[in-house]
Structure formats: C-alpha cells, structure tokens
Amino acid sequence: MTGSVTSAAVTLSHLTRTFGKVKALDDFSLDLAAGELVALLGPSGCGKTTALRALAGLEGIDSGTVVVGGRDVTRLPANRRDMAMVFQSYSLFPHLTVEGNIEFALGLRKVPSRERAAVVAHNLELVGLGGHGDRYPHQLSGGQQQRVALARALAVRPQVLLLDEPLSALDAKVRVQLRDEIRRIQTEVGITTLFVTHDQEEALVVADRIGVMESGRLVQVGDPREIYSRPATPFVADFIGTTNALDGHAVDGVAHVLGQRVPLLPGSPTGPVSVLIRPESITLRPAADGHGRVVTTGFMGATSRVTVALADGTLVLVQLRGSSPDGLLPGEHVALELAGVPALARRVRA
Amino acid sequence: MTATTTAGRDAVSASRPVPPGMVNALGTVPFFAYTAVFLVLPTILVVVGAFTARNGGFTLNGFTQVLSPRTVTIFGTSLWISLLTALVGAIAGGVIAYALSLSPAGSLGRRVFTALMSVTAQFGGVMLAFAFIATIGINGLVTRMLSAFPSLTPDPGFLSSLGGVAVVYCYFQIPLMVIVFLPAVEGLRPQWREATENLGGTTWTYWTRVAGPILLPSLLGSFLLLFANAFSAFATAAALISQQSVIVPLEIESALRNENDLGMDAYAQALAFGMIVVVALVMGAYAALMKRAARWAP
C-alpha cells in the first residue's frame, strides 16, 4: 500500500453534457497516457471542471464514454471508479484528524490497521507533513490542508488522480510551492493525473500536456511549448500568455506587418489580418523615424517590459531580456523589429 | 498663578487612565445585571424557599412531598412527554431542515417557509390550545364537518389527554427544530459528500461516518433545547387540561393556588427546584457535548 500506484490510461470519448441551453461539454474527447499529467485549462465556465467531474463519476453525461485502464466505467458510480480527487478547498472532514482523514478510505477498503498506520505515515512524509497526524483540519493552514487532501487521495493508490483547481484558494507564495510539490509527487508516484486550472502559468509549469478548452470544446491539446509557441486558434493565443494584435496583410503564409515579414502558422487567414505576436518576439531600436514612442518602461529583474504607442495609437507590449537599453526612456522614438517567429493571425474584425 | 498651574498638573498626573479591559468589561454590565435579576435571583429564591416553612423555619416537607409516588409520577409524565415531543420534533424538524437546506439559498420558497417556521415556533400557549380546540375540539370546525362520518371524527377527549398535549406540543417543537438546526445542515459542504463517494464510500458511509458525526453535536444540542422547551411549557397544557395536574408546571400552579393547605408553598418551590435540577443536568450534558465538539470545530 505504500508502494507506487498502478496507473491507468484514460480515454474520454465524445462526452456531451448540457445544462439547460448551455453545452458544458460539447463532443469532448481526450486521452491521457498512463502516468501522464494533463492540465485542462480554460476560462471560467468553459467546461473543464465538468469534464473532470464526468471522469470522476460525480457528474452525469448525456452521451459519450469514459474508459479507464481499458475498462468502460461510463455507467459506474463514483465510488467504484478507483479514482481520488483533490478539491478546490474545504474537502477534508473537519471532525477527523489528519490521520483520520487519510485512514478514512483505507478503512472502507478493509486495510488492516497496522498497514493503515504505515500508509498514513508514508503519505504524510510524501507531502512533507510528518508529525502533523494528530492535528485537526482547522489547525492547519490552507496549504497544509491541501497537502493532506493530496495525501488522502494518494493513500488509496487510485488509478487516476483528479485535481480540481487545488491551488486556487491559496495565496501566491504557497501556490507556487505546492504547485512544484504536486509535480514532484506526481512524478515520484507516477500516477495518471488530470489537473484542472484556469491559471495558465500553473498549467505550463506542471503539465506534460495541456488541453485548452473553450465553450465546452477542447480546442487544442499539446505540450506546453507547443501550446505557447504554436497556438491553434486565436483564442488559445489570447488565453495563453500575452499577445499583441498588430494589423497586417497576409499572403501565401506570410504577413506583412510594420513593413516586415512574419511567417504565419497554419490556420491563419489571408488578406487583412491581425497578427498575434508575443511580447518577447519583438525587439526595439532607438530611431527618430521609428514606428512609435516609448510610453512606459518597467524593470522586472531578468527582463524588462516596454510599452510602445504606434502612430495610430495602438499600444504594443515588448519584453526585453535584461534591463531596458540605455536611451529607452518614455517619449523616445523607437523602431519595432519583429523577430520572425511564426505567429498566428486572425481575420480583422469589421 | 504659578501655584495654580502646578496644582492642575499634579491633578492631571494623579488621574490614571482607565485600563481598556475595564472599559470593555463595562459593556457586559447589562448582561450580568439581567442574568442576576432574572436568573440567579429567582433560582436563589426558589432554592431557599424550597427549604423554608411558612413560619420562616427550616423544612424538608416540600421535598418529602416531591418524593411521594404521585409527584414522582407527575415528574415522570413531564419527562416522557418532553422526551417524546423533543424526539418527534428533532426527527421531523431535522428531516425538514435538511430538505430545506437542499433548496436554493435565498429562494422565495425557502424564505417564506423559514419565516413560517419562525412564526409557528413561537405560536404556543393559550392561543395554540384554542386553535386546536377550535379545529378538532368537541365543537371544533373539523369535528363538526366530519360529524357525518363517525369513523373519521376525532375523539372529543383527545386534546385533553396526554397524547393530545403531545401532538399540540409538536406543533411548535417541529418548527423550533427547523429554525435551530437549519444552520447546522446548511454548514454541510457538498465537497464532503463528493469526497466520500470519490474515496469509495456510499450514501450510508457519508451519513454514518461524515455528516452524522459532524451534525451530532448540533442535533443533540437542538434535542436538549426542545426537551427544555417542552419541560418548562405551561400555558398550552394548562389550557388543554384544566382538571388535572399531569405535568410539573401544572402541579406547581395547583400547589400555589391551593387554598385548603397553606403549607404548599414549600412544595411548589421544591417542585421548581426539581425542575431546575433537571434543566441543569440537561445543560450540563449540552456543555459536555459542546466541549467534545470543540476539539474539531473551528
């Protein structure tokens, strides 16, 4: 019981779930390889939590199938799916100690009491809370409570671990710490994990792959680098990271922007377009006859951010390595050099 | 001029600032004054009176009478009618409170129903007794309407019986339970049920190992409150049962009004003392329960 878990591959096929007139899941399909951590990312109401709950069996589906480890569990109730979940918050049983919470499911599985103690101790050590077994949940901080919730979930050695925005109720510093801990533990245990979050940074850091959702549909699945650098749709480009929308004209897979050529990613339209360019794909050069004027500069340690106002009033965010170069002060005229990194374009809105 | 200034300065330095704790304590004076006048003082008077004869001397006559078989029976009746109506109220009110907690918070139906419960929980005494008499009493509206159907007609003496009193008590016990228990069931988080299911538990597991233990202190606390509420009720029973003293408050009234035996004052006070002891035991049990729950309650 204290060893590694038996991870299982998961296949969600064509899931549909409607609440009234709202399609929370619209032909949603996703595969998770055994031991993989996939993050479902999207704005509030996009259906990511519904997808996770459908996998857990806590939410019914109108159509589709859920297969875990080769077994169709679509019709199985939540308590027979062999999964464990960490909720956003408040899921620990308040009347049980930390040990009691972790032992809870072990008792249901008739694990002998001697073995239970070993499992509790092992999992508490795993989440860095050894010695806290006799505390009650209200005696722990938010971060510690989520660690206990994670230990409780892992103690039963589930086939799949489900994380429903487990960090969103924590403050920024604890969030970063626990985020890294979750990744470490998931890698160490090797458990198949579905992680739901609306925080793109969280998803980029912890996930093997990211699935971006919009209006109940999975619009792109890929590894974090691919999602960031090769967004499939303007929505993904907008939602992941920061983008500048610069007017241009697209012909044969190349856009002409500010008199420069920018290669376009597949799926980009032709004709008048807005090209979505990352702030770090632009560099600046002082030039009296440049494209615009520096509005603000901000030092961020390893990088600096500069806002440039173009002649037509468009504001462009530029991220430079290191501190901003000498001479780049508010009011300075600068030229924008587009680094030629492939970008996605969208049709210009009328 | 100089002397006056010096004296003034001395006067200022002599007046020490009032500690903040003392200022805060002043705010509790009305509470303690109220408690002293309406709780402590009557209790002392009852306890002293229970041991005081009409001539001012010490007596145990009151307690001797309290221990008589008849009075013991009356205490027994009071206890079981209180326990019964508290039990019925706790179960029915608990189920209703849970059902109410499942309705959308702030919905019109929920607000209306909660308001209705608040009103009926306070609707006791002579008014309530009259409402029942006017409905299912000997000449009650329902009794008259059903007179053509003898098998459906309520027993005319039902309201004057202990069973009738228990039913009428339930009329305010159930709503009272709903009001006092609703916050506890509202505190049950959906995540606890889902976590139970997710960890392999069933609905039975949830109620017996999660929701049940979490609600138990509130449930027992509410039960004890209902018990005390019924145990001390007087007017409702007095209006329904005019010829007998079947419960302790009615016996106290009977003793105080007894014109044949002027030595019944000590007996009445001893009965009241007995009631205080019962309620004190109930409150002690409640405090012990709360202390136990406080280990895990935030």
# chains A, B, ... in the order shown; residues from 1 in each chain; ligands from 1
>>> interface_residues(of="chain A", to="chain B", cutoff="6 Å", atoms="only C-alpha atoms", output="ChimeraX atom specification")
/A:78-79,84,91,95,105,136,138
>>> residues_around(residues="stretch 86-101 of chain B", least_positions_apart="4", cutoff="7 Å", atoms="only C-alpha atoms", output="PDB file with all heavy atoms, in the first residue's frame")
ATOM      1  N   SER B  82     -41.893  15.371  27.490  1.00  0.00           N
ATOM      2  CA  SER B  82     -40.855  16.274  26.970  1.00  0.00           C
ATOM      3  C   SER B  82     -39.901  15.506  26.053  1.00  0.00           C
ATOM      4  O   SER B  82     -39.529  15.990  24.978  1.00  0.00           O
ATOM      5  CB  SER B  82     -40.064  16.906  28.124  1.00  0.00           C
ATOM      6  OG  SER B  82     -40.934  17.582  28.985  1.00  0.00           O
ATOM      7  N   ARG B 110     -37.963  29.163   0.001  1.00  0.00           N
ATOM      8  CA  ARG B 110     -37.192  28.897   1.221  1.00  0.00           C
ATOM      9  C   ARG B 110     -37.392  30.000   2.252  1.00  0.00           C
ATOM     10  O   ARG B 110     -37.547  29.743   3.438  1.00  0.00           O
ATOM     11  CB  ARG B 110     -35.715  28.780   0.858  1.00  0.00           C
ATOM     12  CG  ARG B 110     -34.824  28.461   2.034  1.00  0.00           C
ATOM     13  CD  ARG B 110     -33.511  27.949   1.520  1.00  0.00           C
ATOM     14  NE  ARG B 110     -32.529  27.792   2.541  1.00  0.00           N
ATOM     15  CZ  ARG B 110     -31.369  27.193   2.339  1.00  0.00           C
ATOM     16  NH1 ARG B 110     -31.078  26.708   1.161  1.00  0.00           N
ATOM     17  NH2 ARG B 110     -30.498  27.066   3.304  1.00  0.00           N
ATOM     18  N   CYS B 170     -45.974  19.258  19.582  1.00  0.00           N
ATOM     19  CA  CYS B 170     -45.198  19.052  18.347  1.00  0.00           C
ATOM     20  C   CYS B 170     -45.403  20.195  17.361  1.00  0.00           C
ATOM     21  O   CYS B 170     -44.549  20.461  16.524  1.00  0.00           O
ATOM     22  CB  CYS B 170     -45.573  17.723  17.687  1.00  0.00           C
ATOM     23  SG  CYS B 170     -44.890  16.311  18.569  1.00  0.00           S
ATOM     24  N   GLN B 173     -42.757  22.405  18.506  1.00  0.00           N
ATOM     25  CA  GLN B 173     -41.439  21.757  18.625  1.00  0.00           C
ATOM     26  C   GLN B 173     -40.788  21.539  17.245  1.00  0.00           C
ATOM     27  O   GLN B 173     -39.596  21.769  17.075  1.00  0.00           O
ATOM     28  CB  GLN B 173     -41.577  20.400  19.330  1.00  0.00           C
ATOM     29  CG  GLN B 173     -41.967  20.478  20.800  1.00  0.00           C
ATOM     30  CD  GLN B 173     -40.787  20.804  21.702  1.00  0.00           C
ATOM     31  OE1 GLN B 173     -40.246  21.902  21.642  1.00  0.00           O
ATOM     32  NE2 GLN B 173     -40.387  19.874  22.539  1.00  0.00           N
ATOM     33  N   ILE B 174     -41.562  21.093  16.297  1.00  0.00           N
ATOM     34  CA  ILE B 174     -41.002  20.799  14.962  1.00  0.00           C
ATOM     35  C   ILE B 174     -40.460  22.076  14.303  1.00  0.00           C
ATOM     36  O   ILE B 174     -39.305  22.096  13.854  1.00  0.00           O
ATOM     37  CB  ILE B 174     -42.043  20.072  14.077  1.00  0.00           C
ATOM     38  CG1 ILE B 174     -42.309  18.674  14.651  1.00  0.00           C
ATOM     39  CG2 ILE B 174     -41.557  19.967  12.631  1.00  0.00           C
ATOM     40  CD1 ILE B 174     -43.456  17.927  13.981  1.00  0.00           C
ATOM     41  N   PRO B 175     -41.250  23.157  14.245  1.00  0.00           N
ATOM     42  CA  PRO B 175     -40.697  24.385  13.648  1.00  0.00           C
ATOM     43  C   PRO B 175     -39.472  24.911  14.405  1.00  0.00           C
ATOM     44  O   PRO B 175     -38.536  25.419  13.794  1.00  0.00           O
ATOM     45  CB  PRO B 175     -41.848  25.382  13.735  1.00  0.00           C
ATOM     46  CG  PRO B 175     -43.061  24.566  13.873  1.00  0.00           C
ATOM     47  CD  PRO B 175     -42.667  23.319  14.596  1.00  0.00           C
ATOM     48  N   MET B 177     -37.256  23.152  15.923  1.00  0.00           N
ATOM     49  CA  MET B 177     -36.121  22.332  15.494  1.00  0.00           C
ATOM     50  C   MET B 177     -35.613  22.791  14.129  1.00  0.00           C
ATOM     51  O   MET B 177     -34.400  22.890  13.899  1.00  0.00           O
ATOM     52  CB  MET B 177     -36.543  20.860  15.425  1.00  0.00           C
ATOM     53  CG  MET B 177     -35.447  19.917  14.967  1.00  0.00           C
ATOM     54  SD  MET B 177     -34.124  19.820  16.188  1.00  0.00           S
ATOM     55  CE  MET B 177     -32.962  18.763  15.319  1.00  0.00           C
ATOM     56  N   VAL B 178     -36.539  23.078  13.234  1.00  0.00           N
ATOM     57  CA  VAL B 178     -36.144  23.526  11.898  1.00  0.00           C
ATOM     58  C   VAL B 178     -35.293  24.791  12.012  1.00  0.00           C
ATOM     59  O   VAL B 178     -34.227  24.901  11.390  1.00  0.00           O
ATOM     60  CB  VAL B 178     -37.386  23.786  11.006  1.00  0.00           C
ATOM     61  CG1 VAL B 178     -36.966  24.406   9.674  1.00  0.00           C
ATOM     62  CG2 VAL B 178     -38.147  22.493  10.763  1.00  0.00           C
ATOM     63  N   PHE B 181     -31.845  24.049  13.833  1.00  0.00           N
ATOM     64  CA  PHE B 181     -30.986  23.033  13.212  1.00  0.00           C
ATOM     65  C   PHE B 181     -30.575  23.406  11.783  1.00  0.00           C
ATOM     66  O   PHE B 181     -29.585  22.885  11.268  1.00  0.00           O
ATOM     67  CB  PHE B 181     -31.724  21.690  13.220  1.00  0.00           C
ATOM     68  CG  PHE B 181     -30.864  20.493  12.930  1.00  0.00           C
ATOM     69  CD1 PHE B 181     -29.709  20.247  13.666  1.00  0.00           C
ATOM     70  CD2 PHE B 181     -31.188  19.605  11.926  1.00  0.00           C
ATOM     71  CE1 PHE B 181     -28.910  19.145  13.404  1.00  0.00           C
ATOM     72  CE2 PHE B 181     -30.400  18.499  11.657  1.00  0.00           C
ATOM     73  CZ  PHE B 181     -29.251  18.272  12.400  1.00  0.00           C
ATOM     74  N   LEU B 182     -31.322  24.307  11.180  1.00  0.00           N
ATOM     75  CA  LEU B 182     -31.054  24.661   9.786  1.00  0.00           C
ATOM     76  C   LEU B 182     -29.616  25.153   9.559  1.00  0.00           C
ATOM     77  O   LEU B 182     -28.954  24.716   8.607  1.00  0.00           O
ATOM     78  CB  LEU B 182     -32.075  25.705   9.299  1.00  0.00           C
ATOM     79  CG  LEU B 182     -32.017  26.059   7.816  1.00  0.00           C
ATOM     80  CD1 LEU B 182     -32.230  24.839   6.939  1.00  0.00           C
ATOM     81  CD2 LEU B 182     -33.068  27.131   7.472  1.00  0.00           C
ATOM     82  N   VAL B 185     -27.231  22.125   9.205  1.00  0.00           N
ATOM     83  CA  VAL B 185     -27.269  21.345   7.948  1.00  0.00           C
ATOM     84  C   VAL B 185     -26.808  22.191   6.768  1.00  0.00           C
ATOM     85  O   VAL B 185     -26.266  21.667   5.798  1.00  0.00           O
ATOM     86  CB  VAL B 185     -28.666  20.734   7.669  1.00  0.00           C
ATOM     87  CG1 VAL B 185     -28.943  19.596   8.600  1.00  0.00           C
ATOM     88  CG2 VAL B 185     -29.763  21.753   7.746  1.00  0.00           C
ATOM     89  N   GLU B 186     -27.018  23.493   6.878  1.00  0.00           N
ATOM     90  CA  GLU B 186     -26.509  24.366   5.814  1.00  0.00           C
ATOM     91  C   GLU B 186     -24.981  24.359   5.791  1.00  0.00           C
ATOM     92  O   GLU B 186     -24.366  24.640   4.770  1.00  0.00           O
ATOM     93  CB  GLU B 186     -27.009  25.804   6.010  1.00  0.00           C
ATOM     94  CG  GLU B 186     -28.449  25.991   5.580  1.00  0.00           C
ATOM     95  CD  GLU B 186     -28.959  27.401   5.835  1.00  0.00           C
ATOM     96  OE1 GLU B 186     -28.434  28.081   6.755  1.00  0.00           O
ATOM     97  OE2 GLU B 186     -29.880  27.824   5.154  1.00  0.00           O
ATOM     98  N   PHE B 223     -31.921  18.854  20.339  1.00  0.00           N
ATOM     99  CA  PHE B 223     -32.827  17.946  21.050  1.00  0.00           C
ATOM    100  C   PHE B 223     -32.985  18.390  22.514  1.00  0.00           C
ATOM    101  O   PHE B 223     -34.091  18.438  23.049  1.00  0.00           O
ATOM    102  CB  PHE B 223     -32.290  16.514  20.971  1.00  0.00           C
ATOM    103  CG  PHE B 223     -33.035  15.533  21.813  1.00  0.00           C
ATOM    104  CD1 PHE B 223     -34.253  15.022  21.398  1.00  0.00           C
ATOM    105  CD2 PHE B 223     -32.531  15.126  23.040  1.00  0.00           C
ATOM    106  CE1 PHE B 223     -34.958  14.123  22.184  1.00  0.00           C
ATOM    107  CE2 PHE B 223     -33.223  14.232  23.835  1.00  0.00           C
ATOM    108  CZ  PHE B 223     -34.439  13.723  23.403  1.00  0.00           C
ATOM    109  N   LEU B 226     -35.110  21.430  22.742  1.00  0.00           N
ATOM    110  CA  LEU B 226     -36.523  21.081  22.586  1.00  0.00           C
ATOM    111  C   LEU B 226     -37.064  20.440  23.864  1.00  0.00           C
ATOM    112  O   LEU B 226     -38.202  20.693  24.273  1.00  0.00           O
ATOM    113  CB  LEU B 226     -36.697  20.112  21.410  1.00  0.00           C
ATOM    114  CG  LEU B 226     -37.110  20.721  20.073  1.00  0.00           C
ATOM    115  CD1 LEU B 226     -36.078  21.720  19.578  1.00  0.00           C
ATOM    116  CD2 LEU B 226     -37.332  19.646  19.025  1.00  0.00           C
ATOM    117  N   PHE B 227     -36.218  19.594  24.470  1.00  0.00           N
ATOM    118  CA  PHE B 227     -36.627  18.956  25.720  1.00  0.00           C
ATOM    119  C   PHE B 227     -36.921  20.019  26.783  1.00  0.00           C
ATOM    120  O   PHE B 227     -37.967  20.002  27.440  1.00  0.00           O
ATOM    121  CB  PHE B 227     -35.529  18.009  26.209  1.00  0.00           C
ATOM    122  CG  PHE B 227     -35.784  17.468  27.576  1.00  0.00           C
ATOM    123  CD1 PHE B 227     -36.629  16.380  27.762  1.00  0.00           C
ATOM    124  CD2 PHE B 227     -35.214  18.061  28.700  1.00  0.00           C
ATOM    125  CE1 PHE B 227     -36.899  15.901  29.031  1.00  0.00           C
ATOM    126  CE2 PHE B 227     -35.467  17.589  29.968  1.00  0.00           C
ATOM    127  CZ  PHE B 227     -36.304  16.500  30.141  1.00  0.00           C
TER     128      PHE B 227
END
>>> atom_distance(atom1="atom CA of A:Ser268", atom2="atom CA of A:Thr283")
23.3 Å
>>> residues_around(residues="A:Leu204", least_positions_apart="6", cutoff="9 Å", atoms="only C-alpha atoms", output="number ranges by chain")
A: 39, 210, 223-225, 227-228
>>> atom_distance(atom1="atom CA of A:Thr11", atom2="atom CA of A:Gly267")
27.0 Å
>>> atom_distance(atom1="atom CA of A:Val160", atom2="atom CA of A:Pro94")
24.9 Å
>>> residues_around(residues="A:Glu332", least_positions_apart="5", cutoff="10 Å", atoms="only C-alpha atoms", output="count of residues only")
10
>>> select_by_dssp(residues="stretch 90-316 of chain A", states="alpha helix (DSSP H)", output="PyMOL selection string")
chain A and resi 98-108+113-126+142-155+172-189+200-206+224-229+234-239
>>> residues_around(residues="B:Gln244", least_positions_apart="4", cutoff="10 Å", atoms="only C-alpha atoms", output="JSON, numbers by chain")
{"B": [160, 238, 250, 251, 254]}
>>> closest_residue(among="A:Glu280, A:Asp208, A:Glu165, A:Glu99", to="A:Gly130", atoms="only C-alpha atoms")
A:Glu99
>>> residues_around(residues="A:Ala149", least_positions_apart="6", cutoff="9 Å", atoms="only C-alpha atoms", output="PDB file with N, CA and C atoms, in the first residue's frame")
ATOM      1  N   MET A  85      -9.700  12.342  -5.682  1.00  0.00           N
ATOM      2  CA  MET A  85      -9.793  13.733  -6.133  1.00  0.00           C
ATOM      3  C   MET A  85      -9.356  14.688  -5.032  1.00  0.00           C
ATOM      4  N   VAL A  86      -8.690  15.751  -5.442  1.00  0.00           N
ATOM      5  CA  VAL A  86      -8.381  16.848  -4.521  1.00  0.00           C
ATOM      6  C   VAL A  86      -9.231  18.030  -4.983  1.00  0.00           C
ATOM      7  N   PHE A  87     -10.065  18.508  -4.082  1.00  0.00           N
ATOM      8  CA  PHE A  87     -10.997  19.582  -4.441  1.00  0.00           C
ATOM      9  C   PHE A  87     -10.321  20.940  -4.249  1.00  0.00           C
ATOM     10  N   SER A  89     -11.125  23.312  -2.226  1.00  0.00           N
ATOM     11  CA  SER A  89     -10.895  23.556  -0.794  1.00  0.00           C
ATOM     12  C   SER A  89     -12.016  22.910  -0.002  1.00  0.00           C
ATOM     13  N   SER A  91     -12.488  20.206   1.585  1.00  0.00           N
ATOM     14  CA  SER A  91     -12.938  18.836   1.376  1.00  0.00           C
ATOM     15  C   SER A  91     -12.497  17.897   2.499  1.00  0.00           C
ATOM     16  N   LEU A  92     -11.596  18.356   3.378  1.00  0.00           N
ATOM     17  CA  LEU A  92     -11.195  17.484   4.488  1.00  0.00           C
ATOM     18  C   LEU A  92     -12.359  17.366   5.473  1.00  0.00           C
ATOM     19  N   ASN A 101      -8.427  11.445   8.474  1.00  0.00           N
ATOM     20  CA  ASN A 101      -8.796  11.741   7.093  1.00  0.00           C
ATOM     21  C   ASN A 101      -8.100  10.798   6.113  1.00  0.00           C
ATOM     22  N   ILE A 102      -6.815  10.570   6.344  1.00  0.00           N
ATOM     23  CA  ILE A 102      -6.064   9.727   5.401  1.00  0.00           C
ATOM     24  C   ILE A 102      -6.490   8.265   5.544  1.00  0.00           C
TER      25      ILE A 102
END
>>> residues_around(residues="B:Val278", least_positions_apart="2", cutoff="12 Å", atoms="only C-alpha atoms", output="ChimeraX atom specification")
/B:75-76,78-79,82,224,227-228,231-232,248,271-276,280-285
>>> closest_residue(among="B:Leu108, B:Ala134, B:Ile179, B:Ala268", to="B:Thr120", atoms="only C-alpha atoms")
B:Ile179
